[in-house]
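Trainee: For reference, the structure I am asking about is given below.
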Amino acid sequence: MDIFDKYETLAARRAELLGAGADPFDLEIEELFGPCEATIRGRRTILLGTNNYLGLTFDPACIEAGCAALRRFGTGTTGSRIANGTYGGHKALEAEIAAFMGRRAAIVFTTGYQANLATIAGLAGPKDTIFVDSDWHASIFDGCRLSGATVVRFRHNDPDDLDRRLERNPTPGGIRLVIVEGLYSMLGDVARLAEIAAVKKRHGAFLLLDEAHSMGVFGERGRGVAEALGVEAEIDFIVGTFSKSLGAIGGFAVSDHPRFELLRVAARPYMFTASPGPATIATVRAALAQIVARPELRARIWANAERIHAGLAALNFALAAPPGPILSIRLPDERTTVFAWNRLLELGVYVNLALPPGTPGGVCLLRCSVSAAHTDAQIDTVLERFATLAAELQRLAAPIAAE
């Protein structure tokens, strides 16, 4: 028996996917021409699937900050935060993140994935119960497993179901932690956060909110969905990432809890990994300053999202959620979705291919992410290419309907 025999089903599915065209899981970006255009497979391509919500990856201030830090502090820390891996930049960024989010304290992590692993496994243990939205990100799933806590899933975005499950699971001798996301990364729908916060408060639970895809985009200051819905005071812990609106890599957690700093010596994914490199920290600090100084970036992404959403709806695509930074198109089956993804790539538009089991409810999606950096001309081109795709999908569906 070979060690990879357990993946035979996965290997067969992957081979079928590759037989239909490009490899969506190993697609090389050959050259970049800014945040929203690249060469892919030798073709100039508009990027509509990068999570680069504010377009800050090519911001001159961010690039210069990273270069300056690289020259001054070198390429990396070569150590964990509790050993030799805490630099002045890490401390400064934590203070700035805490201030930006309006919280007492912040902890910076090497990746957003580790931010969830560390925070969830640090807050909950074997005597505790975690109540988590069924549309959970892999990092939340793994954080729950690492914690050793009892895990209870509730129906996606359903405060009433959460209420019932909290009622049935009193968790004597332990705490109850509710975990939701502000903006869900597959469908692009927003959490019913006010109702969920009210339920957690009624049951005396704690609430952890993942604002990975909403920080920088939602709220008057860009703090996320909690700010936009006016419920920041009801959120006990917030986790986020630097790899979306901030255009870098890393993650953070913030809280007003007076003992929050104990996570630094309780969370293994924080304690036993090298800290982010100085250049990364510097670019994140510069990007955070841009979010504060340039609210027009948020206005621009919302205007772009409204326009693309309206254009796709006019073409009769089935959109999964109202306008927002994530615009996902439902398609009837995997074969059609793979064809559509490959066809868009041939037409010079890159989106994300999202298939079961990585999607909620087993849906097949073309997932688009909007950027403030998308120009009007790029959006015109994108909608023209989607119009071509819509016509081709209609022709393909006609023989099936006739049968």
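Note on naming: chains are A, B, ... as they come in the structure tokens, residues start from 1 per chain, ligands start from 1 in the order shown.
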Write out as a VMD selection string each polymer residue whose atoms come within 9 Å of stretch 199-213 of chain A, counting only C-alpha atoms; drop sequence neighbours fewer than 3 positions from it.
Mentor: chain A and resid 51 53 112 116 120 140 159 to 160 162 to 163 166 to 167 170 175 to 185 194 to 196 216 to 217 223 to 226 234 to 245 251 325 to 326
Trainee: Env of A:Phe339: 10 Å cut, atoms = only C-alpha atoms, seq-sep filter 2 positions within chain, self excluded. Answer as a count of residues only.
Mentor: 14
Trainee: Tell me, which residues of stretch 17-248 of chain A carry DSSP strand (DSSP E or B), written as a PyMOL selection string?
Mentor: chain A and resi 31-32+37-40+43-47+80+105-109+129-133+150-154+176-181+183+190+206-210+237-241
Trainee: Grab the atom CA of A:Thr77 to atom CA of A:Val265 distance for me, in Å with one decimal place.
Mentor: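 So the answer is 19.0 Å.
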Trainee: I need the residue nearest A:Lys127 from this list: A:Ala372, A:Leu355, A:Ile291, A:Ala149. Use only C-alpha atoms for the distance.
Mentor: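 Checking each candidate against A:Lys127, we get A:Ala149 as the closest.
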Trainee: What are the closest atom pairs, with distances in Å to one decimal, for each residue of stretch 113-193 of chain A lying within 8 Å of stretch 269-281 of chain A, using only C-alpha atoms, rows by chain and rising residue number, as CSV?
Mentor:
residue,atom,partner,partner_atom,distance
A:Gln114,CA,A:Pro269,CA,5.9
A:Ala115,CA,A:Pro269,CA,7.9
A:Leu117,CA,A:Pro269,CA,6.6
A:Ala118,CA,A:Pro269,CA,5.1
Trainee: Taking 2 positions as the minimum chain separation for residues in the same chain, which residues sit within 7 Å of stretch 35-38 of chain A when counting only C-alpha atoms? Answer as a PDB file with C-alpha atoms, in the first residue's frame.
Mentor:
ATOM      1  CA  ILE A  29       0.901  34.856 -12.286  1.00  0.00           C
ATOM      2  CA  GLU A  31       3.912  39.290 -14.609  1.00  0.00           C
ATOM      3  CA  LEU A  32       2.005  41.999 -12.744  1.00  0.00           C
ATOM      4  CA  PHE A  33       1.045  45.409 -14.119  1.00  0.00           C
ATOM      5  CA  ILE A  40      -1.459  34.615 -17.026  1.00  0.00           C
ATOM      6  CA  ARG A  44      -2.922  40.033 -20.438  1.00  0.00           C
ATOM      7  CA  THR A  45      -5.604  39.373 -17.821  1.00  0.00           C
ATOM      8  CA  ILE A  46      -7.827  41.482 -15.563  1.00  0.00           C
ATOM      9  CA  LEU A  47      -7.673  40.199 -11.997  1.00  0.00           C
ATOM     10  CA  GLY A  55      -5.644  47.830  -4.166  1.00  0.00           C
ATOM     11  CA  THR A  57      -0.304  46.005  -2.955  1.00  0.00           C
ATOM     12  CA  PHE A  58       1.260  48.551  -5.309  1.00  0.00           C
ATOM     13  CA  ALA A 373      -8.212  49.844  -7.884  1.00  0.00           C
ATOM     14  CA  HIS A 374     -10.408  48.494 -10.681  1.00  0.00           C
TER      15      HIS A 374
END
Trainee: Counting only C-alpha atoms, figure out which residue out of A:Ile107, A:Leu365, A:Ala286, A:Ser371 gets nearest to A:Cys67.
Mentor: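 Using only C-alpha atoms, the shortest distance to A:Cys67 belongs to A:Ala286.
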Trainee: Could you find all residues in stretch 136-373 of chain A that DSSP calls helix (DSSP H, G or I) from the backbone, and write them as a ChimeraX atom specification?
Mentor: /A:138-147,159-168,193-202,225-228,232-234,260-266,268-271,278-293,296-314,334-346,360-362
Trainee: Keeping C-alpha atoms for every residue in the selection just given, could you write it to a file as an mmCIF file, in the first residue's frame?
Mentor:
data_model
loop_
_atom_site.group_PDB
_atom_site.id
_atom_site.type_symbol
_atom_site.label_atom_id
_atom_site.label_comp_id
_atom_site.auth_asym_id
_atom_site.auth_seq_id
_atom_site.Cartn_x
_atom_site.Cartn_y
_atom_site.Cartn_z
ATOM 1 C CA ALA A 138 -10.762 26.130 7.391
ATOM 2 C CA SER A 139 -8.702 28.110 9.909
ATOM 3 C CA ILE A 140 -11.711 28.290 12.250
ATOM 4 C CA PHE A 141 -12.347 24.571 11.812
ATOM 5 C CA ASP A 142 -8.724 23.742 12.608
ATOM 6 C CA GLY A 143 -8.634 26.158 15.543
ATOM 7 C CA CYS A 144 -11.676 24.414 17.022
ATOM 8 C CA ARG A 145 -10.025 21.013 16.589
ATOM 9 C CA LEU A 146 -6.780 22.238 18.139
ATOM 10 C CA SER A 147 -8.633 23.612 21.179
ATOM 11 C CA PRO A 159 -29.492 33.458 15.316
ATOM 12 C CA ASP A 160 -32.587 31.440 16.274
ATOM 13 C CA ASP A 161 -30.757 28.164 15.733
ATOM 14 C CA LEU A 162 -27.808 29.492 17.744
ATOM 15 C CA ASP A 163 -30.234 30.418 20.537
ATOM 16 C CA ARG A 164 -31.662 26.897 20.632
ATOM 17 C CA ARG A 165 -28.271 25.245 20.676
ATOM 18 C CA LEU A 166 -26.975 27.492 23.450
ATOM 19 C CA GLU A 167 -30.100 26.636 25.433
ATOM 20 C CA ARG A 168 -29.454 22.896 25.012
ATOM 21 C CA LEU A 193 -24.399 40.267 13.846
ATOM 22 C CA ALA A 194 -26.813 42.370 15.896
ATOM 23 C CA GLU A 195 -29.140 39.390 16.470
ATOM 24 C CA ILE A 196 -26.242 37.002 17.096
ATOM 25 C CA ALA A 197 -24.704 39.406 19.625
ATOM 26 C CA ALA A 198 -28.035 39.668 21.422
ATOM 27 C CA VAL A 199 -28.282 35.865 21.635
ATOM 28 C CA LYS A 200 -24.748 35.446 23.000
ATOM 29 C CA LYS A 201 -25.381 38.171 25.603
ATOM 30 C CA ARG A 202 -28.619 36.543 26.771
ATOM 31 C CA VAL A 225 -19.067 44.688 9.971
ATOM 32 C CA ALA A 226 -19.271 45.200 13.747
ATOM 33 C CA GLU A 227 -18.669 48.921 13.258
ATOM 34 C CA ALA A 228 -21.046 49.106 10.289
ATOM 35 C CA GLU A 232 -18.677 46.733 18.452
ATOM 36 C CA ALA A 233 -19.293 46.859 22.210
ATOM 37 C CA GLU A 234 -20.898 43.394 22.095
ATOM 38 C CA PHE A 260 -6.044 39.129 26.796
ATOM 39 C CA GLU A 261 -2.229 39.298 26.881
ATOM 40 C CA LEU A 262 -2.132 35.798 28.421
ATOM 41 C CA LEU A 263 -2.586 34.450 24.892
ATOM 42 C CA ARG A 264 1.066 35.280 24.269
ATOM 43 C CA VAL A 265 2.083 32.442 26.598
ATOM 44 C CA ALA A 266 -0.949 30.193 26.079
ATOM 45 C CA ARG A 268 0.988 27.551 20.640
ATOM 46 C CA PRO A 269 0.674 28.927 17.055
ATOM 47 C CA TYR A 270 1.919 32.253 18.433
ATOM 48 C CA MET A 271 4.665 30.821 20.632
ATOM 49 C CA PRO A 278 10.270 43.530 9.304
ATOM 50 C CA ALA A 279 9.454 44.513 5.718
ATOM 51 C CA THR A 280 6.020 42.901 5.957
ATOM 52 C CA ILE A 281 5.305 44.687 9.216
ATOM 53 C CA ALA A 282 6.357 47.998 7.678
ATOM 54 C CA THR A 283 4.075 47.595 4.655
ATOM 55 C CA VAL A 284 1.131 46.725 6.908
ATOM 56 C CA ARG A 285 1.716 49.829 9.025
ATOM 57 C CA ALA A 286 1.822 51.965 5.885
ATOM 58 C CA ALA A 287 -1.334 50.326 4.518
ATOM 59 C CA LEU A 288 -3.164 50.886 7.791
ATOM 60 C CA ALA A 289 -2.223 54.555 7.598
ATOM 61 C CA GLN A 290 -3.630 54.673 4.056
ATOM 62 C CA ILE A 291 -6.959 53.224 5.237
ATOM 63 C CA VAL A 292 -7.175 55.931 7.885
ATOM 64 C CA ALA A 293 -6.115 58.779 5.593
ATOM 65 C CA GLU A 296 -12.261 57.454 -0.632
ATOM 66 C CA LEU A 297 -10.840 53.953 -1.098
ATOM 67 C CA ARG A 298 -13.908 52.537 0.645
ATOM 68 C CA ALA A 299 -16.204 54.723 -1.422
ATOM 69 C CA ARG A 300 -14.514 53.500 -4.587
ATOM 70 C CA ILE A 301 -14.759 49.773 -3.821
ATOM 71 C CA TRP A 302 -18.457 50.099 -3.009
ATOM 72 C CA ALA A 303 -19.099 52.015 -6.231
ATOM 73 C CA ASN A 304 -17.238 49.324 -8.197
ATOM 74 C CA ALA A 305 -19.118 46.543 -6.406
ATOM 75 C CA GLU A 306 -22.493 48.141 -7.147
ATOM 76 C CA ARG A 307 -21.615 48.546 -10.820
ATOM 77 C CA ILE A 308 -20.292 45.012 -11.346
ATOM 78 C CA HIS A 309 -23.182 43.481 -9.384
ATOM 79 C CA ALA A 310 -25.725 45.384 -11.482
ATOM 80 C CA GLY A 311 -23.970 44.382 -14.705
ATOM 81 C CA LEU A 312 -23.877 40.697 -13.795
ATOM 82 C CA ALA A 313 -27.509 40.754 -12.665
ATOM 83 C CA ALA A 314 -28.514 42.331 -15.983
ATOM 84 C CA GLU A 334 -19.332 21.411 -11.479
ATOM 85 C CA ARG A 335 -18.859 20.776 -15.188
ATOM 86 C CA THR A 336 -20.514 24.061 -16.165
ATOM 87 C CA THR A 337 -18.570 25.956 -13.513
ATOM 88 C CA VAL A 338 -15.208 24.574 -14.614
ATOM 89 C CA PHE A 339 -16.036 25.391 -18.235
ATOM 90 C CA ALA A 340 -17.046 28.952 -17.282
ATOM 91 C CA TRP A 341 -13.881 29.509 -15.251
ATOM 92 C CA ASN A 342 -11.643 28.316 -18.075
ATOM 93 C CA ARG A 343 -13.569 30.321 -20.651
ATOM 94 C CA LEU A 344 -13.224 33.538 -18.649
ATOM 95 C CA LEU A 345 -9.496 32.897 -18.346
ATOM 96 C CA GLU A 346 -9.291 32.510 -22.122
ATOM 97 C CA PRO A 360 -21.410 25.959 1.698
ATOM 98 C CA GLY A 361 -24.271 23.638 0.834
ATOM 99 C CA GLY A 362 -22.336 22.001 -1.982
#
Trainee: Could you list, as a ChimeraX atom specification, every residue within 7 Å of A:Asn352, counting only C-alpha atoms and ignoring same-chain residues fewer than 2 positions away?
Mentor: /A:49,350,354,366-368
Trainee: Taking only C-alpha atoms into account, name the residue in A:Gly76, A:Asp26, A:Leu48, A:Ala397 that is nearest to A:Thr381.
Mentor: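 Nearest to A:Thr381: A:Leu48.
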Trainee: Given the choices A:Ile82, A:Arg13, A:Arg259, A:Pro322, which gets closest to A:Pro356 if the distance is worked out from only C-alpha atoms?
Mentor: A:Arg13
Trainee: Just how far from atom CA of A:Ile249 is atom CA of A:Thr86, in Å to one decimal?
Mentor: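 Atom-to-atom, atom CA of A:Thr86 to atom CA of A:Ile249, that is 16.6 Å.
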